[in-house]
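Colleague: Quick one: this structure, given as structure tokens, is what I'll be asking you about.
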Amino acid sequence: MAVPTVARTYHHPGAAAHGIPGHAGRIVASLGGSIDVRELTDDVGALTLGDVADGDLREIHALLRVVLGVDGPVLDLAVGAGRLSVPLLSLGRRVTALDRSEAVLDAVRRRVALGPARLRSSFDVVRADPWTYALEAGFGAIVVASPTLGSYEPAARASMFACARRHLLPDGRLVVSAVDHGAEDLPVEVERVVVAPSGRVFRVHEYWEPGSPTWRLTVLPIEQGAEDVVVCTSRLRVVTVATVVRELRAAGFDVVARHRVTDAGPRHPQVLVEAARSEGPRDRMEELLGERG
């Protein structure tokens with residue numbers, strides 16, 4: 001069952017507050033000093049974003065359909081709130097969650113601990129950077145949820161994709177989720193009111209001036225009587241689907257499918273890019289280097 005959302009659009013940017021532009025910035029400014037502004041990439045922000053994302057299962061359903069088509073264990077890369085890990089475990093696969101933050105991994109452990117024992121026994125966590133990890137295991141699927149890509153510079157994304165290629169089994173799939181800014185003609189700022197499964201209600205603002213290399217994602221809770229309001233926000237890099245495809249090809253992947261997750265509507269579409277290891281000179285070179293080593 002879809003969780004209801006209410007969408008509003010704003011055509012005129014306003015003065016920024018705490019680096020937050022547009023209507024979201026004006027709301028934050030009106031709150032005065034009773035706010036705690038956090039990055040969506042820190043432990044608090046990641047869990048807040050996970051709570052918001054839990055209200056829309058379309059990304060999870062699309063990702064599960066792809067993973068069902070391949071065999072082997074799954075790596076949930078830059079796991080964040082872990083909202084993908086439990087559904088992936090329900091497929092009967094062994095799942096490894098990897099993240100830089102121990103606090104985030106602790107939260108994911110708690111989330112998985114609420115599930116059946118048979119799922120917990122198939123779950124591992126690894127604390128490591130998503131662009132430099134080195135694991136002994138190979139994976140049938142490696143998944144990267146949105147908006148992870150926008151948190152990394154191009155060099156870090158290239159390293160992340162290179163690591164993924166080294167850890168992917170020959171018939172495996174890398175599945176990358178991207179928000180395709182510019183694919184729809186939308187106003188500069190879009191607001192959605194999202195009711196999360198936890199019962200919390202959030203205002204989610206996406207602010208992007210067409211042509212800008214970055215966009216701003218802001219999540220504000222709608223709560224009555226709260227002494228301190230935690231505002232989670234991040235300025236993210238614009239990483240279009242075309243950019244993802246180009247970077248994956250440069251890293252030695254073939255893009256085998258693009259899955260449109262969200263329909264045209266009051267936000268930029270979300271797309272899953274499905275890629276497989278390309279078999280070519282790069283593989284022979286790695287084989288020769290391995291023989292020499």
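In the structure tokens, chains take letters A, B, ... by order of appearance, with residues numbered from 1 within each chain and ligands from 1 in the order shown.
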Residues of region 41-80 of chain A that have any atom at most 10 Å from an atom of region 89-94 of chain A: could you tabulate them with the shortest-distance atom pair and the distance in Å to one decimal, using only C-alpha atoms, ordered by chain and increasing number, as a tab-separated table?

Modeller:
residue	atom	partner	partner_atom	distance
A:Leu64	CA	A:Leu91	CA	8.1
A:Val67	CA	A:Leu91	CA	8.7
A:Leu68	CA	A:Leu91	CA	7.5
A:Asp71	CA	A:Arg93	CA	8.5
A:Gly72	CA	A:Arg93	CA	7.0
A:Pro73	CA	A:Arg94	CA	4.8
A:Val74	CA	A:Arg94	CA	6.2
A:Leu75	CA	A:Arg94	CA	8.6

Colleague: May I have all residues of region 176-259 of chain A that DSSP, computed from the backbone, assigns to alpha helix (DSSP H), given as a list of chain:residue names?

Modeller: A:Val241, A:Ala242, A:Thr243, A:Val244, A:Val245, A:Arg246, A:Glu247, A:Leu248, A:Arg249, A:Ala250

Colleague: Any idea what the distance is between CA of Ser30 (chain A) and CA of Val231 (chain A)?

Modeller: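 Taking CA of Ser30 (chain A) as the start and CA of Val231 (chain A) as the end point, the length is 12.6 Å.
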
Colleague: Considering only C-alpha atoms, state which residue in the set A:Val126, A:Val86, A:Ala137, A:Val219 is at the smallest distance from Gly45 (chain A).

Modeller: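 Closest to Gly45 (chain A), using only C-alpha atoms: A:Val219.
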
Colleague: Which residue, A:Asp106, A:Glu274, A:Leu57, A:Arg65, has the smallest gap to Asp43 (chain A) when you use only C-alpha atoms?

Modeller: A:Asp106

Colleague: For Val194 (chain A), which of A:Val52, A:Leu174, A:Ala46, A:Ala275 is the closest residue, counting only C-alpha atoms?

Modeller: A:Val52

Colleague: Just want the 12 Å neighbourhood of Val179 (chain A), counted on only C-alpha atoms, with same-chain residues fewer than 2 positions away dropped. Output as a VMD selection string.

Modeller: chain A and resid 59 145 to 150 176 to 177 181 to 184 206 208 215 217 236 to 244 259 to 262 267 to 273

Colleague: Go ahead and save the picked residues with N, CA, C and O atoms, as a short mmCIF file (atom, residue, chain, number, x, y, z; two decimals), in the first residue's frame.

Modeller:
data_model
loop_
_atom_site.label_atom_id
_atom_site.label_comp_id
_atom_site.auth_asym_id
_atom_site.auth_seq_id
_atom_site.Cartn_x
_atom_site.Cartn_y
_atom_site.Cartn_z
N GLU A 59 11.53 1.55 -4.83
CA GLU A 59 12.94 1.27 -5.08
C GLU A 59 13.29 -0.14 -4.63
O GLU A 59 13.99 -0.88 -5.32
N ALA A 145 22.26 2.33 -2.93
CA ALA A 145 20.97 3.02 -2.87
C ALA A 145 21.15 4.52 -3.09
O ALA A 145 22.21 5.09 -2.87
N SER A 146 20.08 5.16 -3.52
CA SER A 146 20.06 6.62 -3.67
C SER A 146 19.92 7.26 -2.30
O SER A 146 19.25 6.70 -1.41
N PRO A 147 20.49 8.45 -2.02
CA PRO A 147 21.30 9.29 -2.90
C PRO A 147 22.80 9.20 -2.62
O PRO A 147 23.50 10.21 -2.58
N THR A 148 23.28 7.97 -2.42
CA THR A 148 24.69 7.76 -2.07
C THR A 148 25.65 8.43 -3.05
O THR A 148 26.63 9.06 -2.65
N LEU A 149 25.38 8.28 -4.35
CA LEU A 149 26.33 8.77 -5.35
C LEU A 149 26.59 10.26 -5.21
O LEU A 149 27.72 10.73 -5.43
N GLY A 150 25.56 11.03 -4.86
CA GLY A 150 25.72 12.47 -4.77
C GLY A 150 26.60 12.92 -3.62
O GLY A 150 26.98 14.09 -3.56
N VAL A 176 22.78 0.27 -9.23
CA VAL A 176 23.02 1.62 -8.72
C VAL A 176 21.75 2.45 -8.88
O VAL A 176 21.17 2.51 -9.97
N SER A 177 21.32 3.10 -7.80
CA SER A 177 20.12 3.92 -7.83
C SER A 177 20.53 5.38 -7.99
O SER A 177 21.41 5.88 -7.29
N HIS A 181 18.19 14.20 -12.10
CA HIS A 181 17.86 15.62 -12.21
C HIS A 181 17.97 16.09 -13.66
O HIS A 181 18.90 15.74 -14.36
N GLY A 182 17.01 16.86 -14.04
CA GLY A 182 16.99 17.39 -15.39
C GLY A 182 16.18 16.55 -16.35
O GLY A 182 15.91 16.99 -17.48
N ALA A 183 15.78 15.34 -15.93
CA ALA A 183 15.00 14.48 -16.81
C ALA A 183 13.55 14.94 -16.91
O ALA A 183 12.83 14.56 -17.82
N GLU A 184 13.11 15.74 -15.94
CA GLU A 184 11.75 16.27 -15.96
C GLU A 184 11.81 17.79 -15.82
O GLU A 184 12.70 18.33 -15.15
N GLU A 206 13.39 19.24 -2.16
CA GLU A 206 14.45 19.08 -3.15
C GLU A 206 14.60 20.42 -3.88
O GLU A 206 13.64 20.92 -4.46
N TRP A 208 16.85 22.44 -6.71
CA TRP A 208 17.85 22.35 -7.78
C TRP A 208 17.60 23.42 -8.81
O TRP A 208 16.52 23.48 -9.41
N TRP A 215 22.66 19.92 -5.84
CA TRP A 215 21.28 20.12 -5.43
C TRP A 215 21.21 19.97 -3.92
O TRP A 215 22.13 19.42 -3.30
N LEU A 217 19.04 18.64 -0.61
CA LEU A 217 17.98 17.79 -0.06
C LEU A 217 17.85 18.12 1.42
O LEU A 217 18.83 18.05 2.17
N LEU A 236 24.23 17.93 -2.35
CA LEU A 236 24.67 16.74 -3.06
C LEU A 236 25.07 17.09 -4.49
O LEU A 236 24.53 18.02 -5.08
N ARG A 237 25.97 16.32 -5.02
CA ARG A 237 26.37 16.51 -6.42
C ARG A 237 25.28 15.95 -7.35
O ARG A 237 24.67 14.92 -7.05
N VAL A 238 25.07 16.62 -8.44
CA VAL A 238 24.13 16.13 -9.45
C VAL A 238 24.82 15.01 -10.23
O VAL A 238 25.85 15.23 -10.88
N VAL A 239 24.29 13.80 -10.11
CA VAL A 239 24.84 12.65 -10.82
C VAL A 239 23.70 12.05 -11.64
O VAL A 239 22.87 11.29 -11.13
N THR A 240 23.63 12.42 -12.90
CA THR A 240 22.54 11.96 -13.75
C THR A 240 22.73 10.50 -14.13
O THR A 240 23.82 9.94 -13.97
N VAL A 241 21.69 9.91 -14.68
CA VAL A 241 21.79 8.53 -15.16
C VAL A 241 22.84 8.43 -16.26
O VAL A 241 23.62 7.47 -16.31
N ALA A 242 22.90 9.43 -17.13
CA ALA A 242 23.92 9.42 -18.19
C ALA A 242 25.33 9.42 -17.60
O ALA A 242 26.22 8.75 -18.11
N THR A 243 25.52 10.16 -16.51
CA THR A 243 26.82 10.18 -15.84
C THR A 243 27.14 8.82 -15.24
O THR A 243 28.27 8.32 -15.35
N VAL A 244 26.15 8.20 -14.59
CA VAL A 244 26.36 6.88 -14.01
C VAL A 244 26.75 5.87 -15.08
O VAL A 244 27.70 5.10 -14.91
N HIS A 259 16.04 0.69 -15.07
CA HIS A 259 14.69 0.45 -14.55
C HIS A 259 14.15 1.74 -13.95
O HIS A 259 14.68 2.25 -12.96
N ARG A 260 13.10 2.28 -14.54
CA ARG A 260 12.47 3.50 -14.02
C ARG A 260 11.69 3.14 -12.76
O ARG A 260 10.75 2.34 -12.80
N VAL A 261 12.08 3.70 -11.63
CA VAL A 261 11.46 3.38 -10.34
C VAL A 261 10.23 4.23 -10.10
O VAL A 261 9.19 3.74 -9.68
N THR A 262 10.35 5.53 -10.34
CA THR A 262 9.23 6.43 -10.09
C THR A 262 8.71 6.99 -11.41
O THR A 262 9.46 7.24 -12.34
N ARG A 267 8.55 15.25 -8.66
CA ARG A 267 9.96 15.15 -8.29
C ARG A 267 10.70 14.53 -9.45
O ARG A 267 10.11 13.93 -10.35
N HIS A 268 12.02 14.67 -9.43
CA HIS A 268 12.82 14.08 -10.50
C HIS A 268 12.80 12.56 -10.37
O HIS A 268 12.80 12.02 -9.27
N PRO A 269 12.77 11.85 -11.50
CA PRO A 269 12.60 10.40 -11.45
C PRO A 269 13.80 9.68 -10.87
O PRO A 269 14.93 10.14 -10.95
N GLN A 270 13.52 8.56 -10.27
CA GLN A 270 14.55 7.68 -9.73
C GLN A 270 14.69 6.49 -10.68
O GLN A 270 13.70 5.91 -11.12
N VAL A 271 15.93 6.12 -10.98
CA VAL A 271 16.21 5.07 -11.96
C VAL A 271 17.25 4.11 -11.37
O VAL A 271 18.23 4.54 -10.76
N LEU A 272 17.01 2.82 -11.54
CA LEU A 272 18.02 1.81 -11.20
C LEU A 272 18.81 1.48 -12.45
O LEU A 272 18.24 1.15 -13.48
N VAL A 273 20.13 1.58 -12.34
CA VAL A 273 21.02 1.21 -13.44
C VAL A 273 21.63 -0.15 -13.10
O VAL A 273 22.29 -0.31 -12.08
#

Colleague: Just give me the gap between CA of Val175 (chain A) and CA of Ser101 (chain A) in Å, one decimal is fine.

Modeller: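 So the answer is 22.0 Å.
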
Colleague: So what do you get for CA of Leu169 (chain A) versus CA of Arg249 (chain A), distance-wise?

Modeller: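 CA of Leu169 (chain A) sits 17.2 Å away from CA of Arg249 (chain A).
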
Colleague: Between A:Leu63, A:Leu186, A:Val230, A:Ala250, single out the one closest to Ala141 (chain A), counting only C-alpha atoms.

Modeller: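 When distances to Ala141 (chain A) are compared using only C-alpha atoms, the smallest one comes from A:Leu63.
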